[in-house]
file entry-v8.tsv (TSV, C-alpha atoms and all ligand atoms)
chain	number	residue	atom	x	y	z
A	1	MET	CA	31.31	-51.99	-191.92
A	2	GLU	CA	34.52	-52.48	-193.85
A	3	ALA	CA	37.70	-54.14	-192.61
A	4	ARG	CA	41.08	-53.94	-194.33
A	5	GLU	CA	44.25	-55.86	-193.41
A	6	ASN	CA	47.78	-54.48	-192.98
A	7	VAL	CA	47.01	-50.82	-193.54
A	8	PRO	CA	50.04	-48.48	-193.33
A	9	LEU	CA	49.36	-45.92	-190.63
A	10	SER	CA	51.67	-43.51	-192.41
A	11	ASP	CA	48.65	-42.95	-194.69
A	12	HIS	CA	46.40	-42.19	-191.71
A	13	THR	CA	48.52	-39.94	-189.46
A	14	THR	CA	49.41	-36.31	-190.06
A	15	LEU	CA	53.06	-37.01	-189.11
A	16	ARG	CA	52.89	-39.47	-192.07
A	17	ILE	CA	54.66	-42.02	-189.92
A	18	GLY	CA	53.59	-45.49	-188.81
A	19	GLY	CA	53.89	-49.14	-189.78
A	20	PRO	CA	51.07	-51.40	-190.94
A	21	ALA	CA	48.11	-51.84	-188.59
A	22	ALA	CA	46.80	-55.42	-188.55
A	23	LEU	CA	43.27	-54.22	-189.21
A	24	LEU	CA	41.51	-50.97	-190.10
A	25	ILE	CA	37.77	-51.21	-189.44
A	26	THR	CA	35.65	-48.44	-190.87
A	27	ILE	CA	32.08	-48.00	-189.68
A	28	GLU	CA	29.48	-45.49	-190.80
A	29	ARG	CA	27.18	-45.63	-187.77
A	30	PRO	CA	27.84	-46.03	-184.01
A	31	GLU	CA	25.32	-48.91	-184.01
A	32	GLU	CA	27.94	-50.96	-185.88
A	33	LEU	CA	30.38	-50.73	-182.96
A	34	PRO	CA	29.44	-54.03	-181.28
A	35	LYS	CA	30.08	-55.84	-184.59
A	36	ALA	CA	33.41	-54.08	-185.03
A	37	TYR	CA	34.52	-55.09	-181.52
A	38	GLU	CA	33.39	-58.65	-182.09
A	39	LEU	CA	35.61	-58.82	-185.17
A	40	ALA	CA	38.57	-57.37	-183.25
A	41	ARG	CA	38.01	-59.83	-180.39
A	42	LYS	CA	37.95	-62.77	-182.81
A	43	ARG	CA	41.28	-61.60	-184.16
A	44	GLU	CA	42.57	-60.97	-180.61
A	45	LEU	CA	43.42	-57.40	-181.52
A	46	PRO	CA	43.03	-54.47	-179.11
A	47	VAL	CA	40.95	-51.67	-180.63
A	48	TYR	CA	42.31	-48.15	-181.09
A	49	PRO	CA	39.95	-45.38	-182.20
A	50	LEU	CA	41.43	-43.37	-185.04
A	51	GLY	CA	40.22	-39.86	-185.83
A	52	ALA	CA	42.20	-37.68	-188.19
A	53	GLY	CA	45.48	-39.12	-186.84
A	54	SER	CA	46.62	-35.60	-185.97
A	55	ASN	CA	47.89	-36.35	-182.48
A	56	ILE	CA	49.51	-39.75	-182.94
A	57	LEU	CA	53.09	-40.98	-183.14
A	58	ALA	CA	52.69	-44.53	-184.47
A	59	SER	CA	55.66	-46.89	-184.27
A	60	ASP	CA	57.49	-48.10	-187.36
A	61	GLY	CA	56.95	-51.86	-187.06
A	62	PRO	CA	53.74	-53.84	-187.50
A	63	ILE	CA	51.03	-52.55	-185.16
A	64	LYS	CA	49.00	-55.39	-183.70
A	65	ARG	CA	45.77	-53.46	-183.36
A	66	ALA	CA	42.38	-53.03	-184.91
A	67	MET	CA	42.21	-49.35	-185.76
A	68	LEU	CA	38.64	-48.13	-185.65
A	69	HIS	CA	37.50	-45.32	-187.87
A	70	ILE	CA	33.99	-43.83	-187.54
A	71	THR	CA	32.91	-41.89	-190.62
A	72	ALA	CA	29.56	-40.60	-189.28
A	73	THR	CA	29.38	-36.80	-189.66
A	74	ASN	CA	25.81	-35.83	-188.85
A	75	VAL	CA	25.15	-32.58	-186.97
A	76	THR	CA	21.84	-31.52	-185.38
A	77	TYR	CA	20.84	-28.18	-183.90
A	78	VAL	CA	18.20	-27.84	-181.16
A	79	ASP	CA	17.09	-24.39	-179.99
A	80	ASP	CA	16.74	-24.05	-176.24
A	81	GLY	CA	16.03	-20.40	-175.43
A	82	ASP	CA	19.16	-18.35	-175.77
A	83	VAL	CA	21.34	-21.42	-176.24
A	84	VAL	CA	21.52	-23.95	-179.04
A	85	ARG	CA	22.45	-27.58	-178.36
A	86	VAL	CA	24.59	-28.85	-181.18
A	87	THR	CA	25.13	-32.59	-181.41
A	88	ALA	CA	27.82	-33.80	-183.80
A	89	ASP	CA	28.91	-37.31	-184.74
A	90	ALA	CA	32.46	-38.37	-183.85
A	91	GLY	CA	33.65	-38.50	-187.46
A	92	LYS	CA	32.84	-34.86	-188.20
A	93	ASP	CA	35.90	-32.78	-189.05
A	94	TRP	CA	36.46	-30.43	-186.13
A	95	ASP	CA	37.12	-27.28	-188.13
A	96	GLU	CA	34.12	-27.95	-190.38
A	97	LEU	CA	31.96	-27.98	-187.25
A	98	VAL	CA	33.53	-24.69	-186.15
A	99	SER	CA	32.80	-23.20	-189.60
A	100	GLU	CA	29.20	-24.36	-189.51
A	101	THR	CA	28.43	-23.15	-185.99
A	102	THR	CA	30.19	-19.81	-186.37
A	103	SER	CA	28.51	-19.12	-189.72
A	104	ARG	CA	25.17	-19.56	-187.90
A	105	GLY	CA	26.29	-16.82	-185.52
A	106	LEU	CA	26.68	-19.21	-182.58
A	107	TRP	CA	29.26	-18.38	-179.90
A	108	GLY	CA	31.43	-20.97	-178.20
A	109	LEU	CA	33.74	-22.66	-180.69
A	110	GLU	CA	35.24	-19.61	-182.42
A	111	ASN	CA	38.58	-19.61	-180.52
A	112	LEU	CA	39.02	-23.30	-181.37
A	113	ALA	CA	39.05	-22.69	-185.14
A	114	GLY	CA	41.78	-24.25	-187.23
A	115	ILE	CA	42.65	-27.12	-184.86
A	116	PRO	CA	43.11	-30.32	-186.87
A	117	GLY	CA	41.19	-33.42	-185.84
A	118	THR	CA	37.68	-34.77	-185.44
A	119	VAL	CA	34.78	-34.10	-183.09
A	120	GLY	CA	35.32	-37.50	-181.45
A	121	ALA	CA	38.92	-36.69	-180.60
A	122	ALA	CA	38.23	-33.19	-179.22
A	123	PRO	CA	37.05	-34.23	-175.72
A	124	VAL	CA	39.79	-36.86	-175.33
A	125	GLN	CA	42.54	-34.31	-174.88
A	126	ASN	CA	40.17	-31.44	-174.07
A	127	ILE	CA	41.48	-29.36	-176.97
A	128	GLY	CA	42.00	-25.73	-176.12
A	129	ALA	CA	43.24	-22.55	-177.69
A	130	TYR	CA	43.32	-18.83	-177.00
A	131	GLY	CA	41.56	-18.98	-173.67
A	132	ARG	CA	38.83	-21.46	-174.55
A	133	GLU	CA	38.86	-25.17	-173.77
A	134	VAL	CA	36.33	-27.48	-175.38
A	135	MET	CA	35.19	-28.54	-171.88
A	136	ASP	CA	33.76	-25.00	-171.48
A	137	VAL	CA	31.08	-25.74	-174.10
A	138	ILE	CA	30.56	-29.50	-173.90
A	139	ALA	CA	27.16	-30.50	-172.50
A	140	ARG	CA	27.60	-34.26	-172.84
A	141	VAL	CA	29.66	-36.96	-174.50
A	142	GLU	CA	28.17	-40.21	-175.81
A	143	ALA	CA	30.44	-43.23	-175.87
A	144	TYR	CA	30.38	-46.96	-176.46
A	145	ASP	CA	31.74	-49.14	-173.66
A	146	PRO	CA	32.85	-52.46	-175.18
A	147	ALA	CA	33.42	-54.05	-171.75
A	148	HIS	CA	29.67	-53.85	-171.06
A	149	ASP	CA	28.49	-53.68	-174.68
A	150	SER	CA	26.56	-50.54	-173.84
A	151	PHE	CA	26.23	-46.93	-174.93
A	152	ILE	CA	26.77	-44.41	-172.13
A	153	THR	CA	26.09	-40.68	-171.95
A	154	TYR	CA	28.46	-38.67	-169.77
A	155	ALA	CA	27.45	-35.25	-168.52
A	156	ASN	CA	30.22	-32.65	-168.67
A	157	GLU	CA	31.14	-33.07	-164.98
A	158	GLU	CA	31.49	-36.83	-165.46
A	159	CYS	CA	34.11	-36.42	-168.19
A	160	GLY	CA	36.95	-35.61	-165.76
A	161	PHE	CA	38.24	-32.75	-167.86
A	162	THR	CA	41.50	-31.05	-166.93
A	163	TYR	CA	44.13	-29.26	-169.01
A	164	ARG	CA	44.56	-31.30	-172.24
A	165	ASP	CA	43.19	-34.34	-170.42
A	166	SER	CA	39.97	-36.22	-169.70
A	167	ARG	CA	38.72	-39.57	-168.38
A	168	PHE	CA	38.71	-40.79	-172.01
A	169	LYS	CA	42.46	-40.21	-172.20
A	170	ARG	CA	43.26	-41.50	-168.71
A	171	GLU	CA	41.11	-44.62	-169.02
A	172	PRO	CA	41.17	-45.56	-172.70
A	173	GLY	CA	38.82	-48.29	-173.83
A	174	GLN	CA	35.63	-46.43	-174.67
A	175	VAL	CA	34.87	-44.94	-178.07
A	176	ILE	CA	33.29	-41.52	-178.31
A	177	THR	CA	30.38	-41.59	-180.74
A	178	ARG	CA	28.77	-38.14	-180.40
A	179	VAL	CA	29.35	-34.87	-178.60
A	180	THR	CA	26.76	-32.27	-177.65
A	181	PHE	CA	27.82	-28.66	-177.25
A	182	THR	CA	25.94	-25.80	-175.64
A	183	LEU	CA	26.48	-22.77	-177.85
A	184	SER	CA	25.12	-19.32	-177.29
A	185	ARG	CA	23.42	-16.62	-179.35
A	186	THR	CA	24.67	-14.04	-176.85
A	187	PRO	CA	28.16	-12.71	-177.60
A	188	ARG	CA	30.82	-14.33	-175.40
A	189	PRO	CA	34.09	-13.13	-176.92
A	190	ASN	CA	37.39	-14.05	-175.29
A	191	LEU	CA	40.03	-11.96	-176.97
A	192	SER	CA	42.50	-11.74	-174.10
A	193	TYR	CA	45.42	-13.77	-175.48
A	194	ALA	CA	48.37	-11.70	-176.66
A	195	ASP	CA	48.23	-12.91	-180.29
A	196	VAL	CA	44.56	-11.95	-180.52
A	197	ALA	CA	44.87	-8.71	-178.55
A	198	ARG	CA	47.63	-7.67	-180.96
A	199	ARG	CA	45.33	-8.20	-183.94
A	200	LEU	CA	42.63	-6.14	-182.20
A	201	ALA	CA	45.09	-3.34	-181.53
A	202	GLU	CA	46.04	-3.44	-185.22
A	203	GLY	CA	42.42	-2.72	-186.11
A	204	ALA	CA	40.91	-6.18	-186.70
A	205	VAL	CA	37.13	-6.11	-186.24
A	206	LEU	CA	36.29	-9.19	-184.17
A	207	ASP	CA	32.62	-8.76	-183.45
A	208	THR	CA	31.14	-12.04	-184.72
A	209	PRO	CA	32.04	-15.69	-184.08
A	210	MET	CA	32.85	-16.03	-187.78
A	211	ALA	CA	35.23	-13.05	-187.79
A	212	ILE	CA	37.00	-14.41	-184.70
A	213	ALA	CA	37.26	-17.91	-186.17
A	214	ARG	CA	38.76	-16.45	-189.37
A	215	GLU	CA	41.33	-14.49	-187.32
A	216	MET	CA	42.20	-17.58	-185.24
A	217	ARG	CA	42.86	-19.59	-188.41
A	218	ASP	CA	45.00	-16.78	-189.72
A	219	ILE	CA	47.01	-16.50	-186.47
A	220	ARG	CA	47.55	-20.29	-186.41
A	221	ALA	CA	48.60	-20.33	-190.05
A	222	GLN	CA	51.45	-17.93	-189.18
A	223	LYS	CA	52.78	-20.24	-186.44
A	224	PHE	CA	51.77	-23.81	-187.15
A	225	PRO	CA	52.88	-25.85	-190.16
A	226	ASP	CA	50.42	-26.56	-192.96
A	227	LEU	CA	49.44	-30.24	-192.73
A	228	SER	CA	49.16	-30.46	-196.50
A	229	VAL	CA	52.85	-29.53	-196.78
A	230	HIS	CA	54.55	-30.88	-193.64
A	231	GLY	CA	54.43	-34.09	-191.65
A	232	THR	CA	53.49	-32.86	-188.18
A	233	ALA	CA	51.25	-33.47	-185.18
A	234	GLY	CA	51.11	-29.84	-183.99
A	235	SER	CA	52.42	-29.10	-180.51
A	236	PHE	CA	54.49	-32.10	-179.47
A	237	PHE	CA	54.81	-31.28	-175.77
A	238	LYS	CA	52.30	-29.95	-173.26
A	239	ASN	CA	52.89	-26.61	-171.61
A	240	PRO	CA	53.92	-27.65	-168.09
A	241	THR	CA	52.30	-26.51	-164.89
A	242	ILE	CA	54.82	-26.05	-162.08
A	243	SER	CA	54.79	-24.97	-158.43
A	244	SER	CA	54.98	-21.27	-157.58
A	245	ASP	CA	58.39	-21.85	-155.98
A	246	ALA	CA	59.72	-23.50	-159.13
A	247	PHE	CA	58.26	-20.67	-161.19
A	248	ALA	CA	59.79	-18.02	-158.91
A	249	ALA	CA	63.22	-19.63	-159.32
A	250	LEU	CA	62.88	-19.78	-163.10
A	251	HIS	CA	61.51	-16.27	-163.28
A	252	GLU	CA	64.46	-14.94	-161.34
A	253	LYS	CA	66.75	-16.49	-163.91
A	254	TYR	CA	64.59	-15.51	-166.90
A	255	PRO	CA	62.58	-12.39	-165.96
A	256	GLU	CA	60.84	-12.33	-169.35
A	257	LEU	CA	59.29	-15.76	-168.84
A	258	SER	CA	55.55	-15.42	-168.31
A	259	GLY	CA	53.48	-17.67	-166.07
A	260	PHE	CA	49.72	-18.16	-165.86
A	261	GLU	CA	48.05	-19.12	-162.62
A	262	THR	CA	45.88	-22.25	-162.71
A	263	GLU	CA	44.26	-24.39	-160.03
A	264	LYS	CA	47.22	-26.76	-160.15
A	265	GLY	CA	50.06	-24.24	-160.18
A	266	ILE	CA	51.69	-21.93	-162.71
A	267	LYS	CA	51.40	-22.88	-166.37
A	268	ILE	CA	54.38	-21.76	-168.38
A	269	PRO	CA	54.80	-21.40	-172.14
A	270	ILE	CA	57.61	-23.92	-172.58
A	271	ALA	CA	58.06	-22.72	-176.17
A	272	TRP	CA	59.53	-19.52	-174.68
A	273	ILE	CA	62.31	-21.52	-172.96
A	274	MET	CA	62.84	-23.62	-176.10
A	275	ASP	CA	63.06	-20.45	-178.12
A	276	HIS	CA	64.92	-17.92	-175.98
A	277	VAL	CA	67.04	-20.12	-173.73
A	278	LEU	CA	67.67	-23.22	-175.81
A	279	PHE	CA	67.37	-21.76	-179.32
A	280	LEU	CA	65.56	-24.84	-180.55
A	281	ARG	CA	63.67	-23.38	-183.49
A	282	GLY	CA	64.92	-25.29	-186.50
A	283	HIS	CA	66.88	-27.73	-184.26
A	284	THR	CA	67.32	-30.72	-186.56
A	285	ILE	CA	68.37	-34.34	-186.09
A	286	GLY	CA	68.27	-36.32	-189.30
A	287	PRO	CA	64.96	-35.89	-191.12
A	288	VAL	CA	63.12	-34.39	-188.12
A	289	ARG	CA	63.24	-30.87	-186.73
A	290	MET	CA	61.57	-28.41	-184.43
A	291	PHE	CA	59.58	-26.06	-186.65
A	292	GLU	CA	61.28	-22.77	-187.56
A	293	ARG	CA	58.18	-20.72	-186.67
A	294	HIS	CA	57.23	-22.55	-183.45
A	295	ALA	CA	59.69	-24.41	-181.24
A	296	LEU	CA	57.01	-26.68	-179.71
A	297	VAL	CA	56.12	-28.28	-183.03
A	298	VAL	CA	57.91	-31.29	-184.52
A	299	VAL	CA	58.11	-31.47	-188.32
A	300	ALA	CA	59.07	-34.70	-190.09
A	301	ASP	CA	60.42	-34.80	-193.64
A	302	PRO	CA	59.12	-37.48	-196.01
A	303	GLY	CA	60.67	-40.85	-195.12
A	304	ALA	CA	61.22	-39.95	-191.45
A	305	THR	CA	60.50	-42.74	-188.97
A	306	ALA	CA	59.01	-42.89	-185.48
A	307	HIS	CA	62.53	-43.70	-184.28
A	308	ASP	CA	63.79	-40.44	-185.81
A	309	VAL	CA	61.06	-38.53	-183.96
A	310	GLU	CA	61.89	-40.32	-180.68
A	311	VAL	CA	65.56	-39.36	-181.00
A	312	LEU	CA	64.75	-35.69	-181.51
A	313	ALA	CA	61.97	-35.59	-178.89
A	314	ASN	CA	64.19	-37.23	-176.25
A	315	ASP	CA	67.06	-34.88	-177.07
A	316	VAL	CA	64.78	-31.85	-176.72
A	317	ALA	CA	63.18	-33.13	-173.49
A	318	LYS	CA	66.66	-33.63	-172.00
A	319	ARG	CA	67.75	-30.13	-172.96
A	320	ILE	CA	64.61	-28.70	-171.36
A	321	TYR	CA	65.23	-30.76	-168.21
A	322	ASP	CA	68.88	-29.71	-167.99
A	323	ALA	CA	67.92	-26.03	-168.25
A	324	THR	CA	64.80	-26.01	-166.06
A	325	LYS	CA	64.53	-29.34	-164.16
A	326	ILE	CA	61.09	-29.73	-165.77
A	327	ASN	CA	60.11	-33.11	-167.20
A	328	VAL	CA	57.96	-32.10	-170.15
A	329	GLU	CA	55.08	-34.39	-170.99
A	330	ARG	CA	54.17	-35.25	-174.52
A	331	GLU	CA	50.87	-34.05	-175.92
A	332	VAL	CA	51.22	-36.43	-178.86
A	333	GLN	CA	50.09	-40.00	-178.08
A	334	SER	CA	52.42	-42.90	-178.81
A	335	LEU	CA	50.89	-45.92	-180.53
A	336	GLN	CA	52.57	-49.30	-180.69
B	1	LIG	P1	50.63	-19.22	-176.92
B	1	LIG	O1	49.41	-18.43	-177.27
B	1	LIG	O2	51.97	-18.67	-177.24
B	1	LIG	O3	50.56	-19.62	-175.37
B	1	LIG	C1	51.60	-20.37	-174.81
B	1	LIG	C2	51.20	-20.82	-173.42
B	1	LIG	O4	50.89	-19.72	-172.60
B	1	LIG	C3	49.99	-21.72	-173.41
B	1	LIG	O5	50.16	-22.65	-172.38
B	1	LIG	C4	48.87	-20.79	-173.07
B	1	LIG	O6	47.85	-21.45	-172.37
B	1	LIG	C5	49.56	-19.81	-172.15
B	1	LIG	N1	48.92	-18.50	-172.25
B	1	LIG	C6	49.18	-17.52	-173.15
B	1	LIG	N2	48.43	-16.43	-172.90
B	1	LIG	C7	47.66	-16.75	-171.82
B	1	LIG	C8	46.67	-16.03	-171.08
B	1	LIG	N3	46.32	-14.78	-171.41
B	1	LIG	N4	46.09	-16.68	-170.03
B	1	LIG	C9	46.42	-17.94	-169.71
B	1	LIG	N5	47.36	-18.65	-170.36
B	1	LIG	C10	47.97	-18.07	-171.41
B	1	LIG	O7	50.51	-20.69	-177.54
B	1	LIG	P2	50.83	-21.27	-178.97
B	1	LIG	O8	51.74	-22.40	-178.78
B	1	LIG	O9	51.12	-20.19	-179.95
B	1	LIG	O10	49.39	-21.91	-179.35
B	1	LIG	C11	48.28	-21.08	-179.61
B	1	LIG	C12	47.07	-21.62	-178.87
B	1	LIG	O11	46.71	-22.89	-179.42
B	1	LIG	C13	47.33	-21.86	-177.39
B	1	LIG	O12	46.17	-21.52	-176.68
B	1	LIG	C14	47.65	-23.33	-177.33
B	1	LIG	O13	47.38	-23.90	-176.07
B	1	LIG	C15	46.70	-23.84	-178.41
B	1	LIG	N6	47.06	-25.17	-178.92
B	1	LIG	C16	46.29	-26.20	-178.55
B	1	LIG	C17	46.56	-27.48	-178.98
B	1	LIG	C18	45.65	-28.61	-178.54
B	1	LIG	O14	44.60	-28.41	-177.98
B	1	LIG	N7	46.05	-29.82	-178.76
B	1	LIG	C19	47.65	-27.70	-179.81
B	1	LIG	C20	48.42	-26.60	-180.20
B	1	LIG	C21	48.12	-25.32	-179.72
B	1	LIG	P3	46.81	-22.44	-173.06
B	1	LIG	O15	47.57	-23.64	-173.53
B	1	LIG	O16	45.86	-22.75	-171.96
B	1	LIG	O17	46.17	-21.70	-174.17
call {"tool": "encode", "arguments": {"input": "entry-v8.tsv", "output": "structure tokens"}}
result
Amino acid sequence: MEARENVPLSDHTTLRIGGPAALLITIERPEELPKAYELARKRELPVYPLGAGSNILASDGPIKRAMLHITATNVTYVDDGDVVRVTADAGKDWDELVSETTSRGLWGLENLAGIPGTVGAAPVQNIGAYGREVMDVIARVEAYDPAHDSFITYANEECGFTYRDSRFKREPGQVITRVTFTLSRTPRPNLSYADVARRLAEGAVLDTPMAIAREMRDIRAQKFPDLSVHGTAGSFFKNPTISSDAFAALHEKYPELSGFETEKGIKIPIAWIMDHVLFLRGHTIGPVRMFERHALVVVADPGATAHDVEVLANDVAKRIYDATKINVEREVQSLQ
């Protein structure tokens, strides 16, 4: 276990924004968690698990927290008939796991290729892309509960997964240590999304998990900013789900707006409104702007602050509300 004082979070978030955290505790093994919490308790600092920092807007001032970073990256594969149970440590880079499983010919994670972050963060917001949510392939999640100093294993149905949400997001406090996925040797392609269907129509051969993962990374690279070049946290807002009446009213006004039925209502691609109604691609306030190639993505220039991002995000949310009466929720998590 290693603990460092006053660590600038701008060095640990992909937006490259954030003031100094009181403590950054790095542990190699989940077994060290009780010790890490004991240290944080002694310092009277609430703990915040830090993965790749790819979904965090950290505030500019001092952050009175013990940030907790797990570096464990072990992955095990257990054959179970036609399926393979893959257990990965929380610190494993998400896209590395996708590369490893798809190169073994395993189906399940291919549509989720190219998403920044770690394995431990994936269940928290139930990452999803191109018709696959991580909840579809999660068998169980192992977590440490500091309140009871115990390790708990949650079966998939106990994780409370919904769209970009889970019990781990709604009730923070536990730290995910390992995730087990059920992957398949039997082909299970989902190539229905327009971006992917277009590639297929153009002649792309998408017959293996690896080929699909490669195509997904390529599609994302056309739309999402490169983290090595831009300060960004990917999609800043969630795509909202609205009532059928609200959708009907919007659709009457904007017949080209698509809507996708879900259990909770109609999910709409809010980027379409931002793009075609509000013309927000490239919308800039100070050193922060909505990305030119994807209106849902905030990009921060070097030196931008959390305050700068707040100003732009609030401005954009207000414009969306004025045009649609929808209160968009943020996908990016604020950290103070
Ligand atoms: P997109 O493909 O243009 O889709 C925009 C919205 O329309 C999303 O809400 C998407 O649902 C929905 N949608 C599109 N086709 C659909 C279909 N055939 N059936 C049901 N819903 C459909 O989105 P994008 O912004 O370019 O992003 C590409 C993909 O990456 C999307 O799937 C997006 O959700 C995902 N993504 C995920 C994260 C994350 O997990 N944190 C961050 C950024 C982007 P879904 O959202 O359910 O896909």
call {"tool": "closest_residue", "arguments": {"input": "entry-v8.tsv", "among": "A:Ala213, A:Ala113, A:Ala313, A:Ala90", "to": "ligand LIG 1 (chain B)", "atoms": "all atoms listed in the file"}}
result
A:Ala113
call {"tool": "residues_near_ligand", "arguments": {"input": "entry-v8.tsv", "ligand": "ligand LIG 1 (chain B)", "cutoff": "9 Å", "atoms": "all atoms listed in the file", "output": "VMD selection string"}}
result
chain A and resid 55 111 to 112 115 to 116 122 125 to 134 163 to 164 191 to 196 216 219 to 220 223 to 224 233 to 241 258 to 262 267 to 272 294 to 297 331 to 332
call {"tool": "atom_distance", "arguments": {"input": "entry-v8.tsv", "atom1": "CA of Pro34 (chain A)", "atom2": "CA of Thr182 (chain A)"}}
result
29.0 Å
call {"tool": "atom_distance", "arguments": {"input": "entry-v8.tsv", "atom1": "CA of Ile138 (chain A)", "atom2": "CA of Val179 (chain A)"}}
result
7.2 Å
call {"tool": "residues_around", "arguments": {"input": "entry-v8.tsv", "residues": "region 18-31 of chain A", "least_positions_apart": "2", "cutoff": "7 Å", "atoms": "only C-alpha atoms", "output": "ChimeraX atom specification"}}
result
/A:1-10,16,33,36,58-72,177,306
call {"tool": "axis_aligned_box", "arguments": {"input": "entry-v8.tsv", "around": "region 246-261 of chain A", "padding_each_side": "4 Å", "output": "JSON"}}
result
{"center_x": 57.4, "center_y": -17.9, "center_z": -164.1, "size_x": 26.7, "size_y": 19.2, "size_z": 18.4}
call {"tool": "closest_residue", "arguments": {"input": "entry-v8.tsv", "among": "A:Arg170, A:Arg214, A:Arg319, A:Arg41", "to": "Val98 (chain A)", "atoms": "all atoms listed in the file"}}
result
A:Arg214
call {"tool": "closest_residue", "arguments": {"input": "entry-v8.tsv", "among": "A:Val83, A:Pro49, A:His230, A:Val78", "to": "Ala143 (chain A)", "atoms": "only C-alpha atoms"}}
result
A:Pro49
call {"tool": "residues_around", "arguments": {"input": "entry-v8.tsv", "residues": "Ser166 (chain A)", "least_positions_apart": "3", "cutoff": "10 Å", "atoms": "only C-alpha atoms", "output": "ChimeraX atom specification"}}
result
/A:123-126,135,158-163,169-172
call {"tool": "residues_around", "arguments": {"input": "entry-v8.tsv", "residues": "Val86 (chain A)", "least_positions_apart": "5", "cutoff": "6 Å", "atoms": "all atoms listed in the file", "output": "compact mmCIF listing (two decimals) with C-alpha atoms, keeping the file's coordinate frame"}}
result
# COMPACT_ATOMS: atom_id res chain seq x y z
CA THR A 76 21.84 -31.52 -185.38
CA TYR A 77 20.84 -28.18 -183.90
CA THR A 180 26.76 -32.27 -177.65
CA PHE A 181 27.82 -28.66 -177.25
call {"tool": "atom_distance", "arguments": {"input": "entry-v8.tsv", "atom1": "CA of Glu292 (chain A)", "atom2": "CA of Asn327 (chain A)"}}
result
22.9 Å
call {"tool": "closest_residue", "arguments": {"input": "entry-v8.tsv", "among": "A:Thr118, A:Gln336, A:Asn190, A:Thr208", "to": "Val47 (chain A)", "atoms": "all atoms listed in the file"}}
result
A:Gln336
